[in-house]
>>> print(open('query_3.txt').read())   # compact mmCIF, C-alpha atoms
# COMPACT_ATOMS: atom_id res chain seq x y z
CA MET A 10 12.96 19.86 1.45
CA ILE A 11 15.93 18.23 -0.31
CA ILE A 12 18.77 17.89 2.19
CA SER A 13 22.47 18.47 1.58
CA LYS A 14 24.87 15.66 0.69
CA GLU A 15 26.46 15.97 4.12
CA GLU A 16 23.11 15.68 5.88
CA LEU A 17 22.14 12.76 3.63
CA LYS A 18 25.33 10.89 4.55
CA SER A 19 24.64 11.52 8.22
CA ARG A 20 21.07 10.22 8.02
CA LEU A 21 22.02 7.17 5.95
CA LYS A 22 24.36 6.00 8.69
CA ARG A 23 21.42 5.78 11.12
CA ILE A 24 19.04 3.78 8.90
CA LYS A 25 18.04 0.33 10.15
CA VAL A 26 14.81 -0.27 8.20
CA VAL A 27 13.79 0.55 4.61
CA VAL A 28 10.05 0.59 3.81
CA SER A 29 9.21 0.71 0.10
CA ASP A 30 6.03 1.05 -1.89
CA VAL A 31 5.68 -1.64 -4.58
CA ASP A 32 3.88 -0.55 -7.78
CA GLY A 33 5.68 2.26 -9.58
CA THR A 34 8.46 2.14 -6.99
CA LEU A 35 9.97 -1.25 -6.23
CA THR A 36 8.75 -2.86 -9.47
CA ASN A 37 9.05 -1.68 -13.05
CA ASN A 38 6.11 -1.36 -15.41
CA ASP A 39 6.43 -5.06 -16.25
CA ASN A 40 5.98 -5.97 -12.56
CA GLU A 41 9.63 -7.00 -12.17
CA LEU A 42 12.20 -6.35 -9.46
CA GLY A 43 15.47 -4.66 -10.41
CA GLU A 44 18.61 -6.82 -10.27
CA VAL A 45 20.50 -4.19 -8.24
CA THR A 46 17.64 -4.08 -5.73
CA ILE A 47 17.61 -7.88 -5.38
CA ASP A 48 21.35 -7.97 -4.75
CA LEU A 49 21.48 -5.04 -2.33
CA VAL A 50 18.45 -5.96 -0.22
CA LYS A 51 20.19 -9.26 0.59
CA LYS A 52 23.53 -7.56 1.27
CA LEU A 53 21.93 -4.96 3.51
CA ASN A 54 20.06 -7.68 5.38
CA SER A 55 23.36 -9.40 6.13
CA LYS A 56 24.53 -6.10 7.65
CA GLY A 57 21.43 -5.85 9.84
CA ILE A 58 19.52 -3.33 7.70
CA LEU A 59 16.04 -4.70 7.02
CA THR A 60 13.66 -4.07 4.10
CA THR A 61 9.91 -4.44 3.82
CA PHE A 62 6.93 -3.20 1.76
CA ALA A 63 4.01 -0.85 2.33
CA THR A 64 1.55 -1.30 -0.50
CA GLN A 65 -2.05 -1.15 -1.67
CA ARG A 66 -1.74 -4.73 -2.91
CA ILE A 67 -3.13 -7.74 -1.07
CA HIS A 68 -0.68 -9.86 0.90
CA SER A 69 -0.63 -12.93 -1.36
CA SER A 70 0.33 -10.84 -4.40
CA ILE A 71 3.68 -9.76 -2.92
CA VAL A 72 4.79 -12.88 -1.06
CA ASP A 73 6.86 -14.05 -4.06
CA PHE A 74 8.70 -10.70 -4.10
CA ALA A 75 9.38 -10.98 -0.37
CA ARG A 76 10.71 -14.51 -0.73
CA LYS A 77 12.94 -13.47 -3.63
CA LEU A 78 14.38 -10.68 -1.50
CA GLU A 79 14.58 -12.99 1.55
CA ILE A 80 12.45 -10.63 3.66
CA LYS A 81 11.49 -12.14 7.00
CA ILE A 82 9.88 -9.18 8.80
CA PRO A 83 6.16 -8.37 8.38
CA LEU A 84 4.84 -6.71 5.20
CA ILE A 85 2.33 -3.85 5.18
CA THR A 86 -0.47 -4.50 2.68
CA ILE A 87 -3.93 -3.17 1.71
CA ASN A 88 -2.73 0.33 2.61
CA GLY A 89 -2.15 -0.66 6.23
CA ALA A 90 -5.09 -2.99 6.88
CA LEU A 91 -2.79 -5.98 7.26
CA ILE A 92 0.74 -6.41 8.67
CA GLN A 93 1.81 -10.00 8.14
CA ASP A 94 4.97 -11.96 7.37
CA VAL A 95 5.48 -14.42 4.51
CA GLU A 96 4.72 -17.38 6.79
CA GLY A 97 1.26 -15.99 7.56
CA LYS A 98 1.90 -14.67 11.09
CA ALA A 99 -0.13 -11.45 11.45
CA LEU A 100 1.11 -8.57 13.56
CA PHE A 101 -2.05 -6.55 12.85
CA LYS A 102 -5.29 -7.21 10.98
CA ALA A 103 -8.03 -4.56 10.63
CA VAL A 104 -11.16 -6.60 9.88
CA ILE A 105 -14.32 -4.64 9.01
CA ASN A 106 -17.34 -5.53 11.13
CA PRO A 107 -19.66 -7.73 8.99
CA LYS A 108 -22.65 -5.44 9.63
CA TYR A 109 -20.82 -2.57 7.90
CA VAL A 110 -19.91 -4.85 5.00
CA THR A 111 -23.62 -5.69 4.69
CA LYS A 112 -24.50 -2.00 4.84
CA ALA A 113 -22.10 -1.27 1.96
CA LEU A 114 -23.58 -4.14 -0.07
CA ASN A 115 -27.07 -2.76 0.48
CA PHE A 116 -26.00 0.69 -0.72
CA CYS A 117 -24.61 -0.85 -3.90
CA ASP A 118 -27.87 -2.66 -4.58
CA GLU A 119 -29.82 0.53 -3.92
CA PHE A 120 -27.69 2.82 -6.09
CA PHE A 121 -26.53 0.31 -8.76
CA VAL A 122 -22.85 0.69 -7.86
CA ARG A 123 -20.23 -2.03 -8.39
CA ILE A 124 -18.57 -3.59 -5.36
CA ALA A 125 -15.82 -6.10 -4.51
CA LEU A 126 -14.57 -7.44 -1.17
CA VAL A 127 -10.87 -7.63 -0.34
CA TYR A 128 -9.20 -10.27 1.82
CA ASN A 129 -5.55 -10.95 2.60
CA ASP A 130 -5.23 -13.52 -0.19
CA GLU A 131 -7.90 -12.65 -2.76
CA ILE A 132 -10.53 -10.22 -4.01
CA ILE A 133 -13.98 -11.68 -4.58
CA TYR A 134 -16.71 -10.45 -6.90
CA THR A 135 -20.07 -11.61 -8.25
CA GLU A 136 -21.19 -11.94 -11.85
CA SER A 137 -23.05 -8.61 -11.73
CA ASN A 138 -19.85 -6.95 -10.49
CA SER A 139 -17.45 -8.67 -12.89
CA VAL A 140 -16.74 -5.47 -14.82
CA LEU A 141 -15.11 -4.04 -11.69
CA LYS A 142 -12.24 -6.53 -11.95
CA ASP A 143 -11.20 -5.00 -15.29
CA PHE A 144 -11.07 -1.48 -13.80
CA MET A 145 -8.98 -2.26 -10.72
CA TYR A 146 -5.23 -1.88 -10.94
CA ARG A 147 -4.14 -4.61 -8.55
CA LEU A 148 -1.26 -6.53 -10.11
CA GLY A 149 -0.62 -10.09 -9.01
CA THR A 150 -4.01 -10.34 -7.32
CA ASN A 151 -6.11 -13.48 -7.16
CA TYR A 152 -9.71 -12.67 -8.16
CA ARG A 153 -12.48 -15.16 -7.43
CA LEU A 154 -16.02 -15.23 -8.80
CA VAL A 155 -18.70 -16.19 -6.25
CA ASP A 156 -22.45 -16.64 -6.61
CA SER A 157 -23.34 -14.28 -3.77
CA TYR A 158 -21.64 -12.09 -1.17
CA LYS A 159 -23.89 -13.29 1.67
CA ASP A 160 -21.41 -15.94 2.84
CA TYR A 161 -18.38 -13.66 2.51
CA VAL A 162 -18.99 -10.74 4.87
CA ASN A 163 -16.53 -12.01 7.50
CA ASP A 164 -12.78 -11.24 7.54
CA VAL A 165 -13.12 -8.43 4.97
CA LEU A 166 -10.16 -6.02 5.10
CA GLU A 167 -11.29 -3.57 2.43
CA ILE A 168 -14.41 -2.79 0.42
CA ILE A 169 -14.00 -1.36 -3.07
CA MET A 170 -16.89 0.48 -4.71
CA MET A 171 -16.94 1.91 -8.20
CA GLY A 172 -19.43 3.90 -10.26
CA ASN A 173 -19.69 6.41 -13.08
CA GLU A 174 -21.75 9.00 -11.20
CA LYS A 175 -19.69 11.16 -8.87
CA THR A 176 -22.69 12.41 -6.89
CA VAL A 177 -23.81 8.86 -6.12
CA ILE A 178 -20.35 7.75 -4.97
CA LYS A 179 -19.96 10.86 -2.81
CA HIS A 180 -23.44 10.24 -1.34
CA ILE A 181 -22.48 6.69 -0.36
CA GLN A 182 -19.23 8.00 1.11
CA LYS A 183 -21.20 10.42 3.29
CA LYS A 184 -23.60 7.68 4.38
CA MET A 185 -20.73 5.32 5.28
CA ASN A 186 -18.71 7.98 7.11
CA PHE A 187 -21.60 9.36 9.15
CA PRO A 188 -22.51 8.12 11.67
CA LEU A 189 -20.03 5.23 11.15
CA LYS A 190 -16.82 7.30 11.17
CA PHE A 191 -15.66 5.65 14.39
CA PHE A 192 -15.86 2.23 12.75
CA VAL A 193 -15.09 2.60 9.02
CA ASN A 194 -13.51 5.24 6.82
CA ALA A 195 -14.57 5.65 3.18
CA LYS A 196 -12.01 7.41 0.98
CA TYR A 197 -13.11 8.84 -2.35
CA TYR A 198 -10.88 9.20 -5.39
CA ARG A 199 -11.21 9.58 -9.12
CA SER A 200 -9.63 6.93 -11.30
CA SER A 201 -6.28 8.03 -12.73
CA THR A 202 -6.58 5.67 -15.67
CA ARG A 203 -10.31 5.58 -16.46
CA LEU A 204 -12.12 8.83 -17.16
CA GLY A 205 -15.58 9.08 -15.65
CA ILE A 206 -14.98 6.34 -13.06
CA TYR A 207 -15.27 7.21 -9.37
CA ASN A 208 -14.14 5.02 -6.50
CA LEU A 209 -14.53 4.43 -2.79
CA GLU A 210 -12.10 2.44 -0.69
CA ILE A 211 -13.54 1.54 2.69
CA ARG A 212 -11.35 0.26 5.51
CA LYS A 213 -11.57 0.11 9.26
CA THR A 214 -11.10 3.54 10.88
CA GLY A 215 -7.52 4.26 11.91
CA THR A 216 -6.09 2.12 9.12
CA SER A 217 -3.43 3.68 6.88
CA LYS A 218 0.15 3.25 5.77
CA LEU A 219 1.11 5.73 8.48
CA THR A 220 -0.56 3.87 11.37
CA ALA A 221 0.83 0.60 10.02
CA ILE A 222 4.42 1.82 9.81
CA LYS A 223 4.14 3.09 13.39
CA LYS A 224 2.96 -0.35 14.54
CA LEU A 225 5.69 -2.12 12.57
CA THR A 226 8.54 0.08 13.80
CA ARG A 227 7.37 -0.29 17.41
CA TYR A 228 7.43 -4.05 16.88
CA LEU A 229 10.95 -3.80 15.42
CA LYS A 230 12.00 -1.41 18.22
CA CYS A 231 13.08 1.22 15.70
CA ARG A 232 12.95 4.96 16.10
CA LYS A 233 11.77 7.37 13.43
CA HIS A 234 15.24 8.54 12.38
CA GLU A 235 16.23 4.91 11.75
CA VAL A 236 13.61 4.44 9.01
CA ALA A 237 13.84 5.30 5.30
CA VAL A 238 10.67 5.25 3.19
CA ILE A 239 10.47 5.11 -0.61
CA GLY A 240 7.47 5.95 -2.78
CA ASP A 241 6.06 7.42 -5.97
CA TRP A 242 2.32 8.05 -5.60
CA TYR A 243 -0.19 10.07 -3.57
CA ASN A 244 -0.96 7.26 -1.13
CA ASP A 245 2.73 7.30 -0.12
CA ARG A 246 2.20 10.71 1.49
CA GLU A 247 1.34 8.82 4.66
CA LEU A 248 4.76 7.15 4.64
CA PHE A 249 6.43 10.53 4.18
CA GLU A 250 4.61 11.83 7.25
CA TYR A 251 6.58 9.29 9.25
CA GLY A 252 9.88 8.60 7.54
CA GLY A 253 13.14 9.80 9.01
CA LEU A 254 14.44 9.82 5.44
CA ASN A 255 11.92 10.32 2.62
CA VAL A 256 12.96 9.06 -0.81
CA ALA A 257 10.95 9.82 -3.96
CA LEU A 258 11.65 8.12 -7.26
CA GLN A 259 12.24 10.21 -10.36
CA ASN A 260 8.82 9.12 -11.66
CA ALA A 261 7.05 10.23 -8.46
CA VAL A 262 4.23 12.77 -8.46
CA ALA A 263 5.27 16.37 -7.80
CA GLU A 264 3.67 16.48 -4.36
CA LEU A 265 5.81 13.60 -3.15
CA LYS A 266 8.98 15.09 -4.62
CA ASN A 267 8.25 18.35 -2.82
CA ASN A 268 8.30 16.45 0.48
CA ALA A 269 11.32 14.27 -0.29
CA HIS A 270 14.72 14.50 1.33
CA TYR A 271 16.25 12.69 -1.64
CA ILE A 272 15.01 12.15 -5.22
CA THR A 273 16.57 9.37 -7.26
CA GLU A 274 17.96 10.13 -10.69
CA LYS A 275 16.40 6.90 -11.96
CA THR A 276 12.77 5.89 -12.39
CA ASN A 277 11.14 2.63 -11.33
CA ASN A 278 11.89 1.29 -14.83
CA GLU A 279 15.59 1.99 -14.24
CA ASP A 280 15.74 0.45 -10.74
CA GLY A 281 15.54 3.71 -8.84
CA VAL A 282 15.20 1.81 -5.56
CA GLY A 283 18.47 0.08 -6.35
CA GLU A 284 20.09 3.51 -6.80
CA PHE A 285 19.07 4.52 -3.28
CA LEU A 286 20.04 1.16 -1.75
CA LYS A 287 23.52 1.56 -3.27
CA LEU A 288 23.87 4.91 -1.51
CA LEU A 289 22.71 3.28 1.71
CA TYR A 290 25.09 0.31 1.37
CA ASP A 291 28.05 2.59 0.58
CA SER A 292 27.35 4.55 3.76
CA ILE A 293 27.88 1.53 6.02
>>> encode(input="query_3.txt", output="structure tokens")
Amino acid sequence: MIISKEELKSRLKRIKVVVSDVDGTLTNNDNELGEVTIDLVKKLNSKGILTTFATQRIHSSIVDFARKLEIKIPLITINGALIQDVEGKALFKAVINPKYVTKALNFCDEFFVRIALVYNDEIIYTESNSVLKDFMYRLGTNYRLVDSYKDYVNDVLEIIMMGNEKTVIKHIQKKMNFPLKFFVNAKYYRSSTRLGIYNLEIRKTGTSKLTAIKKLTRYLKCRKHEVAVIGDWYNDRELFEYGGLNVALQNAVAELKNNAHYITEKTNNEDGVGEFLKLLYDSI
């Protein structure tokens, strides 16, 4: 799927918006932005080419990055559950109905599974679920300990469940998806860093990076061929389903590279995003 240099030059000239994943893509393994990226995002912005994020992280954890890069357009966070700018103006917010949050909490009590609730500015947990915080890979996130979840079922954007029995987690997934599929969607995955840990991420149905980027580009009045997307991990597949120009970093998983139009020579630790932005800036 890699395109020729001539085709790449042609597509670069049409780009008006760059949408980048954050962890493993925009930031290095020390959670830092590359100096080339910082410089070029600002230069591209002055030329009318805008940059934003599409990330699993919660909104508050990336606001500092956005301010450093002087990004004014909305940011896509919580894998598409929230589209909001740095000033707090929301373009889209997919809040889970409190009765489904309660249902998930009841399942966790019944099956002894850990659970945390995700909001735009924090993730909350109870004492009995405190171990979950150590297993989640959510850099820059504010975690808050509460006595009980009963007063926190409103405005939830994502529910995270975790357990060490695959059959139990899959059972809860089935119970949440049927007959509730029209209201919430529970996605199962195995932890990539912790063996024997199984996870569910539950969000409002129709919420994804793909649906979010469609909403954002409609808001920005951009067409598909005017958008470049950059990623490294499996959850960036949804971005690649949309992007007019798909860019995978050198450290990206094979599946993403196989669907990329361009693969950087550099990894996230070498400012691979900066490498692509330089190509983009030189094409102006």
>>> closest_atom_pairs(input="query_3.txt", of="stretch 228-257 of chain A", to="stretch 214-222 of chain A", cutoff="10 Å", atoms="all atoms listed in the file", output="tab-separated table")
residue	atom	partner	partner_atom	distance
A:Tyr228	CA	A:Ile222	CA	9.7
A:Lys233	CA	A:Ile222	CA	9.9
A:Val236	CA	A:Ile222	CA	9.6
A:Val238	CA	A:Ile222	CA	9.7
A:Asn244	CA	A:Lys218	CA	8.1
A:Asp245	CA	A:Lys218	CA	7.6
A:Arg246	CA	A:Leu219	CA	8.7
A:Glu247	CA	A:Leu219	CA	4.9
A:Leu248	CA	A:Leu219	CA	5.5
A:Phe249	CA	A:Leu219	CA	8.4
A:Glu250	CA	A:Leu219	CA	7.1
A:Tyr251	CA	A:Leu219	CA	6.6
A:Gly252	CA	A:Ile222	CA	9.0
>>> atom_distance(input="query_3.txt", atom1="atom CA of A:Val155", atom2="atom CA of A:Glu96")
26.8 Å
>>> residues_around(input="query_3.txt", residues="stretch 256-271 of chain A", least_positions_apart="3", cutoff="6 Å", atoms="all atoms listed in the file", output="list of chain:residue names")
A:Met10, A:Ile11, A:Ile12, A:Val238, A:Ile239, A:Gly240, A:Asp241, A:Trp242, A:Glu274, A:Lys275, A:Thr276
>>> closest_atom_pairs(input="query_3.txt", of="stretch 29-148 of chain A", to="stretch 188-200 of chain A", cutoff="9 Å", atoms="only C-alpha atoms", output="Markdown table")
| residue | atom | partner | partner_atom | distance |
| --- | --- | --- | --- | --- |
| A:Ile105 | CA | A:Val193 | CA | 7.3 |
| A:Asn106 | CA | A:Phe192 | CA | 8.1 |
| A:Tyr109 | CA | A:Val193 | CA | 7.8 |
| A:Phe144 | CA | A:Ser200 | CA | 8.9 |
>>> residues_near_point(input="query_3.txt", point="(-12.2, -7.5, 12.1)", cutoff="12 Å", atoms="all atoms listed in the file", output="PDB file with C-alpha atoms, in the coordinates of the input")
ATOM      1  CA  ALA A  90      -5.090  -2.990   6.880  1.00  0.00           C
ATOM      2  CA  LEU A  91      -2.790  -5.980   7.260  1.00  0.00           C
ATOM      3  CA  PHE A 101      -2.050  -6.550  12.850  1.00  0.00           C
ATOM      4  CA  LYS A 102      -5.290  -7.210  10.980  1.00  0.00           C
ATOM      5  CA  ALA A 103      -8.030  -4.560  10.630  1.00  0.00           C
ATOM      6  CA  VAL A 104     -11.160  -6.600   9.880  1.00  0.00           C
ATOM      7  CA  ILE A 105     -14.320  -4.640   9.010  1.00  0.00           C
ATOM      8  CA  ASN A 106     -17.340  -5.530  11.130  1.00  0.00           C
ATOM      9  CA  PRO A 107     -19.660  -7.730   8.990  1.00  0.00           C
ATOM     10  CA  LYS A 108     -22.650  -5.440   9.630  1.00  0.00           C
ATOM     11  CA  TYR A 109     -20.820  -2.570   7.900  1.00  0.00           C
ATOM     12  CA  VAL A 110     -19.910  -4.850   5.000  1.00  0.00           C
ATOM     13  CA  TYR A 128      -9.200 -10.270   1.820  1.00  0.00           C
ATOM     14  CA  VAL A 162     -18.990 -10.740   4.870  1.00  0.00           C
ATOM     15  CA  ASN A 163     -16.530 -12.010   7.500  1.00  0.00           C
ATOM     16  CA  ASP A 164     -12.780 -11.240   7.540  1.00  0.00           C
ATOM     17  CA  VAL A 165     -13.120  -8.430   4.970  1.00  0.00           C
ATOM     18  CA  LEU A 166     -10.160  -6.020   5.100  1.00  0.00           C
ATOM     19  CA  GLU A 167     -11.290  -3.570   2.430  1.00  0.00           C
ATOM     20  CA  PHE A 192     -15.860   2.230  12.750  1.00  0.00           C
ATOM     21  CA  VAL A 193     -15.090   2.600   9.020  1.00  0.00           C
ATOM     22  CA  ARG A 212     -11.350   0.260   5.510  1.00  0.00           C
ATOM     23  CA  LYS A 213     -11.570   0.110   9.260  1.00  0.00           C
ATOM     24  CA  THR A 214     -11.100   3.540  10.880  1.00  0.00           C
ATOM     25  CA  THR A 216      -6.090   2.120   9.120  1.00  0.00           C
TER      26      THR A 216
END
>>> closest_residue(input="query_3.txt", among="A:Ser157, A:Asn277, A:Thr36, A:Asn129", to="A:Arg66", atoms="all atoms listed in the file")
A:Asn129
>>> residues_near_point(input="query_3.txt", point="(-18.3, -4.0, -11.8)", cutoff="9 Å", atoms="only C-alpha atoms", output="PyMOL selection string")
chain A and resi 122-125+134-144+170-172
>>> write_last_selection(input="query_3.txt", atoms="C-alpha atoms", output="PDB file, keeping the file's coordinate frame")
ATOM      1  CA  VAL A 122     -22.850   0.690  -7.860  1.00  0.00           C
ATOM      2  CA  ARG A 123     -20.230  -2.030  -8.390  1.00  0.00           C
ATOM      3  CA  ILE A 124     -18.570  -3.590  -5.360  1.00  0.00           C
ATOM      4  CA  ALA A 125     -15.820  -6.100  -4.510  1.00  0.00           C
ATOM      5  CA  TYR A 134     -16.710 -10.450  -6.900  1.00  0.00           C
ATOM      6  CA  THR A 135     -20.070 -11.610  -8.250  1.00  0.00           C
ATOM      7  CA  GLU A 136     -21.190 -11.940 -11.850  1.00  0.00           C
ATOM      8  CA  SER A 137     -23.050  -8.610 -11.730  1.00  0.00           C
ATOM      9  CA  ASN A 138     -19.850  -6.950 -10.490  1.00  0.00           C
ATOM     10  CA  SER A 139     -17.450  -8.670 -12.890  1.00  0.00           C
ATOM     11  CA  VAL A 140     -16.740  -5.470 -14.820  1.00  0.00           C
ATOM     12  CA  LEU A 141     -15.110  -4.040 -11.690  1.00  0.00           C
ATOM     13  CA  LYS A 142     -12.240  -6.530 -11.950  1.00  0.00           C
ATOM     14  CA  ASP A 143     -11.200  -5.000 -15.290  1.00  0.00           C
ATOM     15  CA  PHE A 144     -11.070  -1.480 -13.800  1.00  0.00           C
ATOM     16  CA  MET A 170     -16.890   0.480  -4.710  1.00  0.00           C
ATOM     17  CA  MET A 171     -16.940   1.910  -8.200  1.00  0.00           C
ATOM     18  CA  GLY A 172     -19.430   3.900 -10.260  1.00  0.00           C
TER      19      GLY A 172
END
>>> closest_atom_pairs(input="query_3.txt", of="stretch 65-137 of chain A", to="stretch 42-55 of chain A", cutoff="10 Å", atoms="only C-alpha atoms", output="JSON lines")
{"residue": "A:Phe74", "atom": "CA", "partner": "A:Leu42", "partner_atom": "CA", "distance": 7.7}
{"residue": "A:Lys77", "atom": "CA", "partner": "A:Ile47", "partner_atom": "CA", "distance": 7.5}
{"residue": "A:Leu78", "atom": "CA", "partner": "A:Ile47", "partner_atom": "CA", "distance": 5.8}
{"residue": "A:Glu79", "atom": "CA", "partner": "A:Lys51", "partner_atom": "CA", "distance": 6.8}
{"residue": "A:Ile80", "atom": "CA", "partner": "A:Asn54", "partner_atom": "CA", "distance": 8.3}
{"residue": "A:Lys81", "atom": "CA", "partner": "A:Asn54", "partner_atom": "CA", "distance": 9.8}
>>> closest_residue(input="query_3.txt", among="A:Thr111, A:Asn208, A:Ser13, A:Asn255", to="A:His180", atoms="only C-alpha atoms")
A:Asn208
>>> closest_residue(input="query_3.txt", among="A:Leu225, A:Leu254, A:Ile181, A:Leu114", to="A:Ala99", atoms="all atoms listed in the file")
A:Leu225
>>> atom_distance(input="query_3.txt", atom1="atom CA of A:Leu154", atom2="atom CA of A:Ile133")
5.9 Å
>>> closest_residue(input="query_3.txt", among="A:Ala237, A:Ile272, A:Val95, A:Pro83", to="A:Ser29", atoms="all atoms listed in the file")
A:Ala237
>>> closest_residue(input="query_3.txt", among="A:Lys112, A:Lys183, A:Lys223, A:Lys230", to="A:Ile85", atoms="all atoms listed in the file")
A:Lys223
>>> atom_distance(input="query_3.txt", atom1="atom CA of A:Thr226", atom2="atom CA of A:Asn38")
29.3 Å
>>> closest_residue(input="query_3.txt", among="A:Leu289, A:Ile169, A:Ile206, A:Asn88", to="A:Lys25", atoms="all atoms listed in the file")
A:Leu289
>>> residues_around(input="query_3.txt", residues="A:Glu41", least_positions_apart="6", cutoff="12 Å", atoms="all atoms listed in the file", output="PDB file with C-alpha atoms, keeping the file's coordinate frame")
ATOM      1  CA  VAL A  31       5.680  -1.640  -4.580  1.00  0.00           C
ATOM      2  CA  ASP A  32       3.880  -0.550  -7.780  1.00  0.00           C
ATOM      3  CA  GLY A  33       5.680   2.260  -9.580  1.00  0.00           C
ATOM      4  CA  THR A  34       8.460   2.140  -6.990  1.00  0.00           C
ATOM      5  CA  LEU A  35       9.970  -1.250  -6.230  1.00  0.00           C
ATOM      6  CA  ILE A  47      17.610  -7.880  -5.380  1.00  0.00           C
ATOM      7  CA  ILE A  71       3.680  -9.760  -2.920  1.00  0.00           C
ATOM      8  CA  ASP A  73       6.860 -14.050  -4.060  1.00  0.00           C
ATOM      9  CA  PHE A  74       8.700 -10.700  -4.100  1.00  0.00           C
ATOM     10  CA  LYS A  77      12.940 -13.470  -3.630  1.00  0.00           C
ATOM     11  CA  LEU A 148      -1.260  -6.530 -10.110  1.00  0.00           C
ATOM     12  CA  GLY A 149      -0.620 -10.090  -9.010  1.00  0.00           C
ATOM     13  CA  ASN A 277      11.140   2.630 -11.330  1.00  0.00           C
ATOM     14  CA  ASN A 278      11.890   1.290 -14.830  1.00  0.00           C
ATOM     15  CA  GLU A 279      15.590   1.990 -14.240  1.00  0.00           C
ATOM     16  CA  ASP A 280      15.740   0.450 -10.740  1.00  0.00           C
TER      17      ASP A 280
END
